[in-house]
Amino acid sequence: MKNTGLKEKHTQRPKLHRPLFALADCNNFYASCERVFNPKLRDRPVVILSSNDGCIVARSNEAKALGIPMGIPVFKIRHEIARHRIAVCSSNYTLYADMSNRIMKTLRLFTPHIEIYSIDEAFLRLDSLTERDLRRYASKMRDTVMRWTGVPVSIGIAPTKTLAKLAGLLAKRDPLGVYSAAESLMHANTSGPETSSSFLNEIKKIPVSKIWGIGRRLAVTLNMQGIYTVYDYMHADPKWIRRKLTITGWRTFMELHGTSCLSLQELTLPRQSIISSQSFGEPIDSFIPLKEALALYTARAARKLREQHSTASLMQIYITTKPFGSAPRYANSAIGTIDPPSSYTPALISRASTLLESIYRSGFRYKKAGIFLTGIHPEGMQMRLFDRYDVRERQIMQAVDVLNRKWGRGIVRSAAEGTLQRWHMKQSSVSSRFTTSWDELLHIVL
Amino acid sequence: MVWGENPYVHCPRSGFRTAPTHLNFHFFNEMSSATAHCNPNTRTKTELPIPVLISDTDIPPFATSSVPAGFPSPAEEFTDNSLDIQQLLVRHPAATFFVRVSGTSMRDAGILSGDILVVDRAVEPSDRAIVVAVIDGEFTVKRLRKTGKKPFLAAENSSFAMQTVRSGFEVWGVVTAVIHPYS
């Protein structure tokens, strides 16, 4: 690998107002949530199933150590489950979402500058802290989240978000759950580039695919160029990176060298598209139940739209049978406009139903349906001169949303969603909604 | 602002001109106070607003009907939110959990079968605190004692023999209140 002069130029700047990012990442988040309310799971390997009890979507450390791969269909590992007494949980997204909110709320006490990156990760800015206080502060943060919510987090600290992600990986292995690359990098800069700094040694071992923003396919391309580790990437030819990997790869390169290019996204912008889809518990072979399932997913998507005060003007629906197996296969999708743009559930459902009629074929056993809304506009925006924004529709939906929030999802719903809902998700071992339903509180026998 | 001159304001969210928001707010929260706002002489012209169930504060209130100018209520400046039981019982919302109990082993501490406990994980467990603890992977509720060298847990029911747990437990959270429904 050629070492150009560029590296020195970017790493040896005077460090005035250098930003400091921390990545707080929950350890095995779903499994940890289950363990808070079921301590018996603590000394057992735990796996969480996808929303239809199909595949493994999350694993505890013990399950990872047993070599259980991510995404594997659960029937393929039935023997391992029995042999190692692996606890199998259906996913309880209601619980995970509430626990996530609690964790983010707790982190927010430590700094107002926080970007909620995913359900179990957040970036925080800790600029004002000195090197010495940094570790102590991060440990305090970690201990507080652990004590308040019961979920272990690890914290990686670095001058850029990309480096903080890498430090987060190393923090998972740290017994105290905190890893600061900031100190390590400081040292590296004062005592010359080829120093025995621990962070630089560590990243010689981390494969390039672990870099934030570098996907599996790009990693293959990089491997072909002889770039295998993070360290290799940092010392690749900058001109080649700029030419081949465009501005995104270049930004990553700069970030790895300690120049912050990605800032904290403290505001969540309204989503530009909304998806709601699910596999059915049992395959559907007739039109009416399929229409009902699609109506339910449409109602969900419409609720998400209203939550962000938007309307949609384009809708795509799709239906599909099992993509493999001996049964006849069929999949199709249809796109239609929503005119005028709307978030009114009945309007969206009737649009979805007409689209479904156009692609439905009988004689197939459908396994999955979904809806995709896009062309999102802020609600109340008048698109054309004679469009009328219907206040009554909005009031009806507000009342429905309030009732559903107060009395539980689905207490008021469109008749189009059906009443039997036999196709509903299969979830054989789902835990209770301990934190969001009075009827499902943790029960303690004295 | 003089109500008679311009009772409408521009609503940035909907893009419509609506009545001043705090007036609307009264319409939806307190129908009676809304009528009290109106001047009796102009009241006949008032279209009654359609009541909408709004209790969550994150929903922006709005009105469909026009609001005639009248005298503002003298109590307007003094309106306050109604009492919220959550404020009283939950000090750390992120760390507070509710659990339901059955059994009688904590009867003398005022915890009866069917009660709901407010459990705060942010509170430091001190001597004599009632705690939710984990013993062998099972949850229990006991009184924590920290008098001797080692902390221990004690049940509170005089009709039982004194039950204590001296080791192998872990405090999960501190019970800060008991909700006892009479039915």
# chains A, B, ... in the order shown; residues from 1 in each chain; ligands from 1
$ select_by_dssp --residues "region 198-340 of chain A" --states "helix (DSSP H, G or I)" --output "compact mmCIF listing (two decimals) with C-alpha atoms, in the first residue's frame"
# COMPACT_ATOMS: atom_id res chain seq x y z
CA SER A 198 -3.51 0.42 20.40
CA PHE A 199 -6.35 1.66 18.20
CA LEU A 200 -4.23 1.60 15.06
CA ASN A 201 -3.15 -1.91 15.95
CA GLU A 202 -6.73 -2.98 16.44
CA ILE A 203 -7.95 -1.67 13.12
CA VAL A 208 -12.91 -3.54 5.67
CA SER A 209 -16.54 -4.71 5.49
CA LYS A 210 -17.04 -3.54 9.08
CA ARG A 216 -20.59 -6.56 1.39
CA ARG A 217 -20.42 -6.02 -2.36
CA LEU A 218 -18.11 -3.04 -2.10
CA ALA A 219 -15.94 -5.02 0.31
CA VAL A 220 -15.43 -7.68 -2.38
CA THR A 221 -14.28 -4.99 -4.83
CA LEU A 222 -11.91 -3.62 -2.22
CA ASN A 223 -10.53 -7.08 -1.45
CA MET A 224 -9.69 -7.49 -5.11
CA VAL A 230 -9.66 -0.88 7.91
CA TYR A 231 -5.97 -0.04 8.10
CA ASP A 232 -5.51 -0.96 4.44
CA TYR A 233 -8.38 1.31 3.47
CA MET A 234 -6.88 4.19 5.42
CA PRO A 238 -6.50 8.56 -2.09
CA LYS A 239 -6.73 9.33 -5.78
CA TRP A 240 -7.94 5.83 -6.51
CA ILE A 241 -10.55 6.06 -3.73
CA ARG A 242 -11.81 9.37 -4.98
CA ARG A 243 -12.07 8.13 -8.55
CA LYS A 244 -13.47 4.67 -7.91
CA LEU A 245 -15.54 5.09 -4.77
CA THR A 246 -16.87 8.59 -5.45
CA ILE A 247 -17.60 11.16 -2.80
CA THR A 248 -19.06 8.63 -0.35
CA GLY A 249 -15.90 6.54 -0.27
CA TRP A 250 -13.85 9.70 -0.01
CA ARG A 251 -15.89 10.93 2.93
CA THR A 252 -15.34 7.59 4.66
CA PHE A 253 -11.62 7.93 3.97
CA MET A 254 -11.51 11.40 5.50
CA GLU A 255 -13.56 10.28 8.48
CA LEU A 256 -11.17 7.40 9.13
CA PHE A 287 -59.52 -12.89 -2.56
CA ILE A 288 -61.47 -11.64 0.48
CA PRO A 289 -58.93 -12.49 3.20
CA LEU A 290 -56.12 -11.18 1.01
CA LYS A 291 -58.01 -7.91 0.62
CA GLU A 292 -58.48 -7.78 4.39
CA ALA A 293 -54.81 -8.32 5.08
CA LEU A 294 -53.87 -5.62 2.61
CA ALA A 295 -56.43 -3.30 4.23
CA LEU A 296 -54.78 -3.81 7.62
CA TYR A 297 -51.32 -3.02 6.26
CA THR A 298 -52.76 0.01 4.46
CA ALA A 299 -54.33 1.22 7.71
CA ARG A 300 -50.95 0.87 9.44
CA ALA A 301 -49.17 2.79 6.70
CA ALA A 302 -51.85 5.50 6.81
CA ARG A 303 -51.37 5.85 10.57
CA LYS A 304 -47.62 6.29 10.07
CA LEU A 305 -48.36 8.95 7.45
CA ARG A 306 -50.60 10.87 9.84
CA GLU A 307 -48.05 10.58 12.63
$ interface_residues --of "chain A" --to "chain B" --cutoff "10 Å" --atoms "only C-alpha atoms" --output "JSON, numbers by chain"
{"A": [35, 36, 37, 38, 39, 40, 41, 42, 43, 98, 99, 100, 101, 102, 103, 104, 105, 106, 144, 145, 146, 147, 148, 149, 150, 307, 309, 378, 379, 380, 381, 382, 389, 391, 392, 395, 396, 398, 399, 400, 401, 402, 403, 405, 406, 434, 435, 436, 437, 438, 439, 440, 441, 442, 443, 444, 445, 446]}
$ atom_distance --atom1 "CA of Leu88 (chain B)" --atom2 "CA of Pro181 (chain B)"
16.9 Å
$ closest_residue --among "B:Lys150, B:Arg143, B:Asp127, B:Gln87" --to "Gln163 (chain B)" --atoms "only C-alpha atoms"
B:Arg143
$ atom_distance --atom1 "CA of Glu121 (chain A)" --atom2 "CA of Ala24 (chain A)"
5.7 Å
